[in-house]
Amino acid sequence: MQQFTPQDITLRVHTRKHGLLSKIAHDLCFETTVVDLEVRSDGSGRARIDPMVIQLLGAERDGVVDRGLLSLTDQRRVLANLRQDVLDVRRHPQIAYDWTELHVTGAQVCVEGRLRLHGAERPMTLRGTITAGRVRFTVTLDQREFGIKPFSAALGALRVRPELEIEISLPFDAIAAATGPAGLSVG
């Protein structure tokens with residue numbers, strides 16, 4: 001079993017707005033680097049996140065994060081809403097992804113597992129690419145599948161799309177540690 005430090009892993013969540021008032025709102029980017037990652041020699045593993053450590057990185061404009069676009073008051077309001085209303089961290093203090101299969105074929109990585117979020121558990125496949133010594137995964141997650149009601153304001157004239165884009169980046173060494181005879185399949 002190998003453990004990794006917060007500097008090793010980055011997880012970003014991108015929200016997209018829609019609705020009649022979407023032109024006056026912002027797409028948002030949240031981030032955490034505090035991920036408890038455990039990769040076992042058989043290729044299985046677990047990643048755990050305390051939702052209280054998720055931070056608002058900033059508003060996004062044309063795919064670029066602008067850390068100064070939101071006031072400090074707005075940033076606090078967004079984080080409070082995320083923690084209290086969206087993720088309900090008092091009832092659901094942990095997000096976890098457990099996997100049993102990890103496959104590497106050339107520069108492609110595939111991880112088969114189950115995500116536990118907001119009291120629900122669903123299968124989730126992560127597909128990523130190895131570039132410059134890091135594995136980068138992207139996956140789309142529909143909040144509704146986990147019993148999360150997407151944020152809405154102004155009687156629904158401003159909403160967050162139910163689909164979130166998740167990006168995960170970690171050193172390839174973090175998963176290459178699982179090179180035991182039964183675990184990692186390398187093609």
# chains A, B, ... in the order shown; residues from 1 in each chain; ligands from 1
call {"tool": "select_by_dssp", "arguments": {"residues": "chain A", "states": "strand (DSSP E)", "output": "MDAnalysis selection string"}}
result
chainID A and resid 2:3 10:15 17:18 27:32 36:39 45:49 55:61 64:66 95:105 108:117 120:131 134:142 152:153 158:160 163:171 185:186
call {"tool": "closest_residue", "arguments": {"among": "A:Leu70, A:Val34, A:Leu56, A:Ile49", "to": "Leu117 of chain A", "atoms": "only C-alpha atoms"}}
result
A:Ile49
call {"tool": "residues_around", "arguments": {"residues": "Asp88 of chain A", "least_positions_apart": "5", "cutoff": "12 Å", "atoms": "only C-alpha atoms", "output": "list of chain:residue names"}}
result
A:Asp50, A:Pro51, A:Met52, A:Leu79, A:Ala80, A:Asn81, A:Leu82, A:Arg83, A:Pro93, A:Gln94, A:Ile95, A:Leu117, A:His118, A:Gly119, A:Gly147, A:Ile148, A:Lys149
call {"tool": "residues_around", "arguments": {"residues": "Met124 of chain A", "least_positions_apart": "6", "cutoff": "10 Å", "atoms": "only C-alpha atoms", "output": "ChimeraX atom specification"}}
result
/A:97-99,111-116,139-141
call {"tool": "write_last_selection", "arguments": {"atoms": "N, CA and C atoms", "output": "compact mmCIF listing (two decimals), in the first residue's frame"}}
result
# COMPACT_ATOMS: atom_id res chain seq x y z
N TYR A 97 -14.07 6.91 -3.63
CA TYR A 97 -14.04 6.14 -4.88
C TYR A 97 -13.20 4.90 -4.61
N ASP A 98 -13.83 3.72 -4.72
CA ASP A 98 -13.13 2.45 -4.52
C ASP A 98 -13.06 1.74 -5.87
N TRP A 99 -11.89 1.23 -6.19
CA TRP A 99 -11.76 0.52 -7.46
C TRP A 99 -11.10 -0.83 -7.26
N VAL A 111 -9.73 2.88 -15.10
CA VAL A 111 -9.96 2.46 -13.72
C VAL A 111 -11.46 2.18 -13.57
N GLU A 112 -11.79 0.99 -13.10
CA GLU A 112 -13.19 0.59 -12.89
C GLU A 112 -13.47 0.59 -11.39
N GLY A 113 -14.47 1.36 -10.97
CA GLY A 113 -14.76 1.42 -9.56
C GLY A 113 -16.16 1.92 -9.26
N ARG A 114 -16.35 2.30 -7.99
CA ARG A 114 -17.65 2.79 -7.52
C ARG A 114 -17.42 4.08 -6.74
N LEU A 115 -18.25 5.08 -7.04
CA LEU A 115 -18.18 6.38 -6.36
C LEU A 115 -19.30 6.46 -5.32
N ARG A 116 -18.94 6.83 -4.10
CA ARG A 116 -19.92 7.11 -3.04
C ARG A 116 -19.92 8.60 -2.81
N VAL A 139 -14.00 13.11 -16.39
CA VAL A 139 -15.25 12.35 -16.35
C VAL A 139 -16.39 13.34 -16.13
N THR A 140 -17.53 13.03 -16.72
CA THR A 140 -18.73 13.83 -16.50
C THR A 140 -19.60 13.11 -15.49
N LEU A 141 -20.07 13.86 -14.51
CA LEU A 141 -20.89 13.30 -13.44
C LEU A 141 -22.20 14.06 -13.39
call {"tool": "select_by_dssp", "arguments": {"residues": "segment 33-171 of chain A", "states": "alpha helix (DSSP H)", "output": "list in words"}}
result
Leu72, Thr73, Asp74, Gln75, Arg76, Arg77, Val78, Leu79, Ala80 and Asn81 of chain A
call {"tool": "write_last_selection", "arguments": {"atoms": "C-alpha atoms", "output": "mmCIF file, in the first residue's frame"}}
result
data_model
loop_
_atom_site.group_PDB
_atom_site.id
_atom_site.type_symbol
_atom_site.label_atom_id
_atom_site.label_comp_id
_atom_site.auth_asym_id
_atom_site.auth_seq_id
_atom_site.Cartn_x
_atom_site.Cartn_y
_atom_site.Cartn_z
ATOM 1 C CA LEU A 72 -14.792 37.600 -1.117
ATOM 2 C CA THR A 73 -18.416 37.748 0.081
ATOM 3 C CA ASP A 74 -19.610 35.903 -3.047
ATOM 4 C CA GLN A 75 -16.859 33.301 -2.653
ATOM 5 C CA ARG A 76 -17.910 32.632 0.950
ATOM 6 C CA ARG A 77 -21.565 32.416 -0.081
ATOM 7 C CA VAL A 78 -20.783 29.933 -2.872
ATOM 8 C CA LEU A 79 -18.716 27.706 -0.555
ATOM 9 C CA ALA A 80 -21.359 27.812 2.178
ATOM 10 C CA ASN A 81 -24.010 26.795 -0.367
#
call {"tool": "closest_residue", "arguments": {"among": "A:Ala120, A:Arg144, A:Gln84, A:Thr129", "to": "Ala96 of chain A", "atoms": "only C-alpha atoms"}}
result
A:Ala120
call {"tool": "atom_distance", "arguments": {"atom1": "atom CA of Gly133 of chain A", "atom2": "atom CA of His103 of chain A"}}
result
16.4 Å
call {"tool": "residues_around", "arguments": {"residues": "Thr32 of chain A", "least_positions_apart": "3", "cutoff": "9 Å", "atoms": "only C-alpha atoms", "output": "list in words"}}
result
Pro6, Ile9, Thr10, Leu11, Arg12, Val13, Val35, Ile49, Pro51, Val53, Ile54, Gln55, Leu56 and Leu57 of chain A
call {"tool": "write_last_selection", "arguments": {"atoms": "N, CA and C atoms", "output": "PDB file, in the first residue's frame"}}
result
ATOM      1  N   PRO A   6      -0.782  15.698  -0.385  1.00  0.00           N
ATOM      2  CA  PRO A   6      -1.673  16.614  -1.095  1.00  0.00           C
ATOM      3  C   PRO A   6      -1.035  17.250  -2.328  1.00  0.00           C
ATOM      4  N   ILE A   9      -1.721  15.250  -5.910  1.00  0.00           N
ATOM      5  CA  ILE A   9      -3.004  15.041  -6.573  1.00  0.00           C
ATOM      6  C   ILE A   9      -3.796  16.341  -6.651  1.00  0.00           C
ATOM      7  N   THR A  10      -4.418  16.565  -7.797  1.00  0.00           N
ATOM      8  CA  THR A  10      -5.326  17.699  -7.960  1.00  0.00           C
ATOM      9  C   THR A  10      -6.644  17.181  -8.504  1.00  0.00           C
ATOM     10  N   LEU A  11      -7.736  17.601  -7.880  1.00  0.00           N
ATOM     11  CA  LEU A  11      -9.068  17.260  -8.355  1.00  0.00           C
ATOM     12  C   LEU A  11      -9.826  18.571  -8.549  1.00  0.00           C
ATOM     13  N   ARG A  12     -10.312  18.784  -9.755  1.00  0.00           N
ATOM     14  CA  ARG A  12     -11.093  19.993 -10.065  1.00  0.00           C
ATOM     15  C   ARG A  12     -12.483  19.607 -10.543  1.00  0.00           C
ATOM     16  N   VAL A  13     -13.456  20.411 -10.135  1.00  0.00           N
ATOM     17  CA  VAL A  13     -14.845  20.235 -10.542  1.00  0.00           C
ATOM     18  C   VAL A  13     -15.285  21.521 -11.228  1.00  0.00           C
ATOM     19  N   VAL A  35      -6.490  14.752  -0.990  1.00  0.00           N
ATOM     20  CA  VAL A  35      -7.111  13.484  -1.344  1.00  0.00           C
ATOM     21  C   VAL A  35      -6.316  12.381  -0.665  1.00  0.00           C
ATOM     22  N   ILE A  49     -12.146  11.855   0.007  1.00  0.00           N
ATOM     23  CA  ILE A  49     -12.092  13.314   0.066  1.00  0.00           C
ATOM     24  C   ILE A  49     -13.024  13.790   1.166  1.00  0.00           C
ATOM     25  N   PRO A  51     -15.269  16.636   1.992  1.00  0.00           N
ATOM     26  CA  PRO A  51     -15.840  17.735   1.197  1.00  0.00           C
ATOM     27  C   PRO A  51     -15.629  19.117   1.813  1.00  0.00           C
ATOM     28  N   VAL A  53     -12.845  20.352   2.608  1.00  0.00           N
ATOM     29  CA  VAL A  53     -11.587  20.933   2.129  1.00  0.00           C
ATOM     30  C   VAL A  53     -11.661  21.361   0.664  1.00  0.00           C
ATOM     31  N   ILE A  54     -12.800  21.157   0.030  1.00  0.00           N
ATOM     32  CA  ILE A  54     -12.972  21.619  -1.345  1.00  0.00           C
ATOM     33  C   ILE A  54     -13.039  23.148  -1.325  1.00  0.00           C
ATOM     34  N   GLN A  55     -12.254  23.765  -2.189  1.00  0.00           N
ATOM     35  CA  GLN A  55     -12.183  25.219  -2.251  1.00  0.00           C
ATOM     36  C   GLN A  55     -12.694  25.733  -3.595  1.00  0.00           C
ATOM     37  N   LEU A  56     -13.171  26.949  -3.594  1.00  0.00           N
ATOM     38  CA  LEU A  56     -13.564  27.607  -4.839  1.00  0.00           C
ATOM     39  C   LEU A  56     -12.302  28.197  -5.446  1.00  0.00           C
ATOM     40  N   LEU A  57     -11.906  27.693  -6.595  1.00  0.00           N
ATOM     41  CA  LEU A  57     -10.709  28.197  -7.261  1.00  0.00           C
ATOM     42  C   LEU A  57     -11.005  29.541  -7.924  1.00  0.00           C
TER      43      LEU A  57
END
call {"tool": "atom_distance", "arguments": {"atom1": "atom CA of Glu101 of chain A", "atom2": "atom CA of Gln143 of chain A"}}
result
24.2 Å
call {"tool": "closest_residue", "arguments": {"among": "A:Val89, A:Glu145, A:Val135, A:Asp62", "to": "Pro123 of chain A", "atoms": "only C-alpha atoms"}}
result
A:Glu145
